[in-house]
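J.: First the structure, which I've put down as structure tokens, then a few questions once you've had a look.
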Amino acid sequence: MDLVRVLLFLHVLGAIIAFGPTFSHRFIGAMGGAEPMHRNFALRVSEKLAGTQTIPLAIVQGVTGIGLILTTEIDFGKAIWLQTSIVLYAIAIWYAMGVQTPAVKRLIEMTAGGPPPVGAAASGPPPEVAATVRRVQQGGMLLGALVVAIVFLMVVKPGV
């Protein structure tokens, strides 16, 4: 098997394993939010998946992507779809590591004390928790949209 096929296999497999779970975080979060006693656990599950699977494999995507660029006959200067994908990838990695992960870790810290006392749940979470939840949800939507855009560009290759 030639190097291009190996790299392409690793690139596609890595994308499936890395980004598949990211589309499940919203369900995990919604279930944790609906059951305050499990909120912190749901956050820790999502953080564990991101830290041990999504982010490391997303970095591997960059490595296999560079390998594919170097081993194929892609004219990088003319491949606007590829240039755009790389910029979106860099934004996604930066945002995931620099913004989203710290926000999720902060949310884990804020919810580590257990569920609110009975009766307090009816009033909702504290304002700081609610604001951080919104930020994490919006960040998740941004990262999901970036992944979809990158996959679209990689598969469709507009302009080719």
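Labeling convention for the structure tokens: chains A, B, ... as they appear, residues from 1 per chain, ligands from 1 in order of appearance.
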Please identify all polymer residues within 9 Å of Leu43 in chain A, counting only C-alpha atoms, omitting same-chain residues fewer than 3 positions from it, and present them as an NGL selection string.

T.: :A and (25 or 28-29 or 32 or 38-40 or 46-48 or 104-105 or 107-108 or 111)

J.: For Asp2 in chain A, find every residue with an atom within 12 Å (counting only C-alpha atoms), except residues of its own chain fewer than 6 positions away, and show them as a VMD selection string.

T.: chain A and resid 8 to 9 68 71 to 72

J.: Which of these, A:Ala130, A:Leu142, A:Val63, A:Val147, has the shortest distance to Phe19 in chain A once you count only C-alpha atoms?

T.: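 The answer is A:Val147, which sits nearest to Phe19 in chain A.
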
J.: Give the answer as one residue: which of A:Leu3, A:Ile69, A:Ala145, A:Met37 has the shortest atom-to-atom distance to Thr22 in chain A, using only C-alpha atoms?

T.: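 When distances to Thr22 in chain A are compared using only C-alpha atoms, the smallest one comes from A:Ala145.
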
J.: Out of range 6-158 of chain A, which residues get alpha helix (DSSP H) from DSSP, as a PyMOL selection string?

T.: chain A and resi 6-19+25-34+39-49+55-71+80-95+101-110+127-156

J.: In Å, with one decimal, what is the gap from CA of Ala18 in chain A to CA of Ile55 in chain A?

T.: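 Rounded to one decimal, the two atoms are 7.2 Å apart.
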
J.: Could you give me, as a PyMOL selection string, the residues within 8 Å of Ser85 in chain A, counting only C-alpha atoms and dropping anything in the same chain fewer than 2 positions from it?

T.: chain A and resi 81-83+87-89+149-150+153-154

J.: In Å, with one decimal, what is the gap from CA of Leu49 in chain A to CA of Arg26 in chain A?

T.: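 Calculated distance between CA of Leu49 in chain A and CA of Arg26 in chain A is 12.8 Å.
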
J.: Near Ile16 in chain A, within 12 Å and counting only C-alpha atoms, which residues show up once chain neighbours fewer than 2 positions away are dropped, as number ranges by chain?

T.: A: 9-14, 18-23, 53-54, 57-58, 61, 147, 151

J.: Which residue is closest to Lys157 in chain A? Choose from A:Met97, A:Ala79, A:Arg5, A:Thr52 and count only C-alpha atoms.

T.: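 Of the candidates, the smallest distance to Lys157 in chain A is held by A:Ala79.
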
J.: What is the CA of Ala131 in chain A-CA of Val99 in chain A distance in Å, reported with one decimal?

T.: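 Computing it gives 14.3 Å between the two atoms.
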
J.: Of the candidates A:Gly67, A:Pro126, A:Gly114, A:Gly98, which shows the shortest atom-to-atom distance to Glu35 in chain A, using only C-alpha atoms?

T.: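 Counting only C-alpha atoms, the residue closest to Glu35 in chain A is A:Gly114.
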
J.: Hey, which of A:Leu143, A:Val148, A:Val160, A:Ile86 ends up closest to Gly65 in chain A? Count only C-alpha atoms.

T.: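 Between A:Leu143, A:Val148, A:Val160, A:Ile86, the residue approaching Gly65 in chain A most closely is A:Ile86.
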